[in-house]
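A quick write-up on the structure given underneath.
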Amino acid sequence: MNILLLGSGGRESAFAWKISQSPHCSHLFIAPGNAGTGEFGKNVPLKVTDFDAIRTFVLKNSVKMVVVGPEEPLVKGIHDYFLADPQLQQIPVIGPQKEGAQLEGSKDYSKQFMQRHSIPTAAYRSFTRDSLQEGLSYLSTHSLPIVLKADGLAGGKGVLICPTLEEAQTELAAMLNDSKFGEAGNTVVIEQFLEGIELSVFVLTDGHSYKVLPEAKDYKRVGEGDTGLNTGGMGSVSPVPFADEDFMLKVQDRIIIPTIEGLKKDEIPYKGFIFIGLMNVGGNPFVIEYNVRMGDPETESVIPRIESDLLDLLMGVAQENLIEKQLVISDKVAATVMLVAGGYPGKYLTGRGVTGMDNVRDSLVFHAGTELDNGVVKTAGGRVMAITSLQDNLFDAVQNATADAGRIYYDGRYYRHDIGTDLF
Ligand SMILES: Nc1ncnc2c1ncn2[C@@H]1O[C@H](COP(=O)(O)OP(=O)(O)O)[C@@H](O)[C@H]1O
Ligand SMILES: [Mg+2]
């Protein structure tokens with residue numbers, strides 16, 4: 001069958017690498033893709049939110065499945081668009097419809113969902129411009145630090161952790177009165193601060209049954225030792241040592257099963273990935289947030305550990321027989337080191353020639369922000385490439401991924417040398 005994969009990051013490179021290995025895959029198209037995805041299929045210059053152009057392409061190229069990488073097309077309703085079109089409605093879209101995508105698209109919606117289904121999460125209240133005064137007085141009774149979250153999609157920048165009451169008051173007013181985060185901040189969730197270690201859990205569901213994919217830990221801060229500004233992610237590892245059987249059973253019983261059952265009870269159709277961002281608080285899991293797609297750079301560590309045919313699993317999602325499919329996960333450990341552009345996550349350099357990919361010894365190279373310029377690979381984004389090594393143990397995975405990252409070069413290249421070392 002012909003597959004269209006939407007997106008252009010390291011996540012989509014890992015998907016393309018895996019899907020292209022499936023015997024069920026005839027032609028893989030990646031829209032728009034990057035300089036690396038062309039190795040696994042054909043890049044096509046389509047915008048992921050241009051549904052009409054995607055429609056034309058899908059019909060012309062006999063695409064039989066659409067796999068959606070990023071959240072934006074899902075929140076904007078690409079799955080609903082397909083279902084509403086008589087010529088497209090038989091073509092499965094991997095990713096939820098608009099309603100289910102609200103689990104990521106609106107933090108207030110997801111908190112209400114968790115509350116309704118008794119899923120452990122931080123205590124919270126939501127406020128709008130009309131209830132700003134109430135919000136300000138609520139803050140004055142709140143324990144410190146205070147977590148403020150813009151309700152809508154804010155590109156990973158809409159969450160503020162305020163150490164003082166004054167800062168929280170100023171920020172709440174800036175969000176609600178001065179539209180600090182635009183429309184995304186028209187509603188603000190104020191929540192309790194959870195102290196613990198974070199973990200990303202990934203679930204694939206056809207709306208009835210589910211499979212738990214390998215879990216991962218990601219490294220968000222730009223600087224070594226988890227310092228400096230937040231980024232889209234500087235690296236990841238899978239599995240995560242503290243996510244042992246006992247902890248994962250708690251995650252399954254308290255979070256995953258109530259989430260799948262909650263979707264059914266609420267009659268929210270859901271076919272796709274659920275990314276559960278968790279905090280391990282003294283051995284108990286609490287949900288920080290849901291995302292309705294895979295994480296980046298977690299996917300680059302998670303996918304290489306899946307031994308089964310991913311496309312076969314996705315066909316199980318589409319045909320609602322996921323329960324009959326097998327998911328085999330490797331015991332090996334994956335570590336991913338992200339190469340980023342000089343200046344990132346601030347203003348960064350682009351258009352720099354990349355060399356040294358052939359020197360990589362024992363890692364997979366997943367392109368992210370790259371493009372081909374007359375056959376030459378050039379940097380084109382903040383996060384340039386994800387280097388993943390799959391080895392028998394964490395130490396070797398980290399050593400190899402970090403050493404191989406150092407074998408690739410471009411002007412301004414930067415990466416963290418300590419990904420995964422906190423877990424040794
Ligand atoms: N209640 C909380 N307690 C402690 N830290 C939090 C809490 N909520 C969010 N965070 C921190 O802020 C980060 C971003 O929050 P999240 O809800 O994941 O929003 P987004 O990914 O949409 O920016 C989390 O990864 C976590 O580190
Ligand atoms: Mg998050």
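Ordered as shown in the structure tokens, chains take letters A, B, and onward, while each chain numbers its residues from 1 and ligands are numbered from 1 in the order shown.
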Residues within 8 Å of range 277-284 of chain A, only C-alpha atoms, excluding chain neighbours under 5 positions, as a ChimeraX atom specification:
/A:194-201,247,250,289-291
Enumerate as a ChimeraX atom specification the residues within 9 Å of ligand 1, counting only C-alpha atoms and all ligand atoms.
/A:104-105,107,121-124,145-161,190-198,220,230,277-279,286-291
Who sits within 8 Å of Glu300 in chain A, only C-alpha atoms, same chain under 5 positions skipped, as a short mmCIF file (atom, residue, chain, number, x, y, z; two decimals) with all heavy atoms, in the first residue's frame:
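Result written to result00.cif:
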data_model
loop_
_atom_site.label_atom_id
_atom_site.label_comp_id
_atom_site.auth_asym_id
_atom_site.auth_seq_id
_atom_site.Cartn_x
_atom_site.Cartn_y
_atom_site.Cartn_z
N GLY A 10 12.74 15.07 13.14
CA GLY A 10 13.42 13.84 13.48
C GLY A 10 12.43 12.72 13.74
O GLY A 10 12.69 11.55 13.42
N ARG A 11 11.29 13.08 14.33
CA ARG A 11 10.23 12.10 14.58
C ARG A 11 9.80 11.44 13.26
O ARG A 11 9.70 10.21 13.16
CB ARG A 11 9.03 12.82 15.23
CG ARG A 11 7.76 11.99 15.29
CD ARG A 11 6.61 12.80 15.90
NE ARG A 11 6.47 14.11 15.27
CZ ARG A 11 6.02 15.20 15.90
NH1 ARG A 11 5.64 15.14 17.15
NH2 ARG A 11 5.94 16.35 15.27
N ALA A 14 12.34 9.04 11.83
CA ALA A 14 12.31 7.73 12.48
C ALA A 14 11.11 6.92 11.99
O ALA A 14 11.22 5.72 11.71
CB ALA A 14 12.26 7.89 14.00
N SER A 236 17.21 11.93 24.22
CA SER A 236 16.27 11.04 24.91
C SER A 236 16.91 9.68 25.12
O SER A 236 17.89 9.35 24.44
CB SER A 236 14.98 10.89 24.09
OG SER A 236 15.26 10.30 22.83
N THR A 336 19.51 8.88 22.26
CA THR A 336 19.46 9.83 21.14
C THR A 336 20.09 11.15 21.56
O THR A 336 19.70 11.71 22.59
CB THR A 336 18.00 10.07 20.71
OG1 THR A 336 17.43 8.84 20.29
CG2 THR A 336 17.91 11.10 19.59
N PHE A 366 19.02 10.38 12.10
CA PHE A 366 17.68 10.84 11.71
C PHE A 366 17.74 12.34 11.46
O PHE A 366 17.91 13.13 12.40
CB PHE A 366 16.67 10.52 12.81
CG PHE A 366 16.45 9.05 13.06
CD1 PHE A 366 16.62 8.51 14.33
CD2 PHE A 366 16.07 8.20 12.02
CE1 PHE A 366 16.41 7.15 14.57
CE2 PHE A 366 15.85 6.85 12.25
CZ PHE A 366 16.03 6.32 13.52
N ALA A 386 19.07 13.96 14.72
CA ALA A 386 19.04 13.14 15.93
C ALA A 386 19.92 11.91 15.66
O ALA A 386 19.75 11.23 14.65
CB ALA A 386 17.62 12.71 16.23
N THR A 388 20.96 8.33 17.04
CA THR A 388 20.47 7.30 17.97
C THR A 388 21.35 6.07 17.90
O THR A 388 21.61 5.54 16.82
CB THR A 388 19.04 6.88 17.59
OG1 THR A 388 18.18 8.02 17.70
CG2 THR A 388 18.53 5.78 18.52
#
Ranking A:Val302, A:Ala397, A:Ile260, A:Leu6 by minimum distance to Gly95 in chain A and counting only C-alpha atoms, which one comes first?
A:Leu6
What separates CA of Ile303 in chain A and CA of Gly353 in chain A is a distance of 27.8 Å
Do a neighbour search on Arg305 in chain A at 12 Å with only C-alpha atoms, toss out local chain neighbours closer than 4 positions, and write the hits as an mmCIF file with N, CA and C atoms, in the first residue's frame.
data_model
loop_
_atom_site.group_PDB
_atom_site.id
_atom_site.type_symbol
_atom_site.label_atom_id
_atom_site.label_comp_id
_atom_site.auth_asym_id
_atom_site.auth_seq_id
_atom_site.Cartn_x
_atom_site.Cartn_y
_atom_site.Cartn_z
ATOM 1 N N ALA A 14 12.340 9.043 11.834
ATOM 2 C CA ALA A 14 12.311 7.729 12.483
ATOM 3 C C ALA A 14 11.107 6.918 11.985
ATOM 4 N N LYS A 18 11.330 3.379 9.707
ATOM 5 C CA LYS A 18 10.666 2.147 10.153
ATOM 6 C C LYS A 18 9.585 1.687 9.166
ATOM 7 N N LEU A 213 3.822 1.286 24.029
ATOM 8 C CA LEU A 213 5.104 1.314 23.324
ATOM 9 C C LEU A 213 6.217 1.563 24.358
ATOM 10 N N PRO A 214 7.476 1.443 23.958
ATOM 11 C CA PRO A 214 8.555 1.726 24.902
ATOM 12 C C PRO A 214 8.433 3.138 25.484
ATOM 13 N N GLU A 215 8.742 3.262 26.777
ATOM 14 C CA GLU A 215 8.713 4.591 27.405
ATOM 15 C C GLU A 215 10.050 5.295 27.158
ATOM 16 N N ALA A 216 10.093 6.591 27.431
ATOM 17 C CA ALA A 216 11.342 7.339 27.209
ATOM 18 C C ALA A 216 11.450 8.511 28.170
ATOM 19 N N VAL A 237 16.341 8.932 26.033
ATOM 20 C CA VAL A 237 16.759 7.536 26.203
ATOM 21 C C VAL A 237 15.526 6.665 26.417
ATOM 22 N N SER A 238 15.640 5.412 26.041
ATOM 23 C CA SER A 238 14.600 4.419 26.272
ATOM 24 C C SER A 238 15.284 3.056 26.391
ATOM 25 N N PRO A 239 14.966 2.186 27.369
ATOM 26 C CA PRO A 239 13.976 2.397 28.417
ATOM 27 C C PRO A 239 14.494 3.331 29.514
ATOM 28 N N GLU A 298 11.742 11.806 21.581
ATOM 29 C CA GLU A 298 11.519 10.470 22.155
ATOM 30 C C GLU A 298 11.348 9.409 21.065
ATOM 31 N N THR A 299 10.630 9.775 19.993
ATOM 32 C CA THR A 299 10.363 8.809 18.918
ATOM 33 C C THR A 299 11.654 8.192 18.374
ATOM 34 N N GLU A 300 12.702 9.015 18.323
ATOM 35 C CA GLU A 300 13.970 8.537 17.756
ATOM 36 C C GLU A 300 14.614 7.469 18.652
ATOM 37 N N SER A 301 14.241 7.438 19.959
ATOM 38 C CA SER A 301 14.699 6.358 20.846
ATOM 39 C C SER A 301 13.692 5.213 20.910
ATOM 40 N N ASP A 309 6.607 -5.050 12.991
ATOM 41 C CA ASP A 309 6.310 -4.216 11.833
ATOM 42 C C ASP A 309 5.359 -3.085 12.265
ATOM 43 N N LEU A 310 5.862 -1.870 12.299
ATOM 44 C CA LEU A 310 5.045 -0.747 12.767
ATOM 45 C C LEU A 310 3.843 -0.523 11.847
ATOM 46 N N LEU A 327 3.194 -6.866 19.365
ATOM 47 C CA LEU A 327 4.187 -5.817 19.560
ATOM 48 C C LEU A 327 5.371 -6.427 20.302
ATOM 49 N N VAL A 328 6.491 -6.555 19.618
ATOM 50 C CA VAL A 328 7.697 -7.078 20.264
ATOM 51 C C VAL A 328 8.667 -5.914 20.461
ATOM 52 N N ILE A 329 9.115 -5.775 21.712
ATOM 53 C CA ILE A 329 10.009 -4.671 22.054
ATOM 54 C C ILE A 329 11.387 -5.229 22.392
ATOM 55 N N SER A 330 12.405 -4.586 21.854
ATOM 56 C CA SER A 330 13.779 -5.025 22.091
ATOM 57 C C SER A 330 14.203 -4.729 23.531
ATOM 58 N N ASP A 331 15.042 -5.606 24.094
ATOM 59 C CA ASP A 331 15.610 -5.366 25.430
ATOM 60 C C ASP A 331 16.748 -4.355 25.367
ATOM 61 N N LYS A 332 17.163 -4.014 24.174
ATOM 62 C CA LYS A 332 18.298 -3.104 24.037
ATOM 63 C C LYS A 332 17.927 -1.683 24.485
ATOM 64 N N VAL A 333 18.949 -0.897 24.669
ATOM 65 C CA VAL A 333 18.768 0.474 25.146
ATOM 66 C C VAL A 333 19.093 1.441 24.010
ATOM 67 N N ALA A 334 18.230 2.423 23.835
ATOM 68 C CA ALA A 334 18.468 3.446 22.809
ATOM 69 C C ALA A 334 18.779 4.779 23.473
ATOM 70 N N ALA A 335 19.783 5.458 22.943
ATOM 71 C CA ALA A 335 20.074 6.830 23.383
ATOM 72 C C ALA A 335 20.120 7.709 22.149
ATOM 73 N N THR A 388 20.957 8.329 17.038
ATOM 74 C CA THR A 388 20.473 7.303 17.968
ATOM 75 C C THR A 388 21.351 6.071 17.898
ATOM 76 N N SER A 389 21.776 5.607 19.066
ATOM 77 C CA SER A 389 22.520 4.356 19.105
ATOM 78 C C SER A 389 21.750 3.336 19.947
ATOM 79 N N LEU A 390 21.661 2.128 19.419
ATOM 80 C CA LEU A 390 20.930 1.042 20.090
ATOM 81 C C LEU A 390 21.973 0.007 20.513
ATOM 82 N N GLN A 391 22.101 -0.192 21.830
ATOM 83 C CA GLN A 391 23.171 -1.069 22.338
ATOM 84 C C GLN A 391 22.635 -1.947 23.465
ATOM 85 N N ASP A 392 23.501 -2.845 23.948
ATOM 86 C CA ASP A 392 23.065 -3.781 24.991
ATOM 87 C C ASP A 392 22.817 -3.099 26.327
#
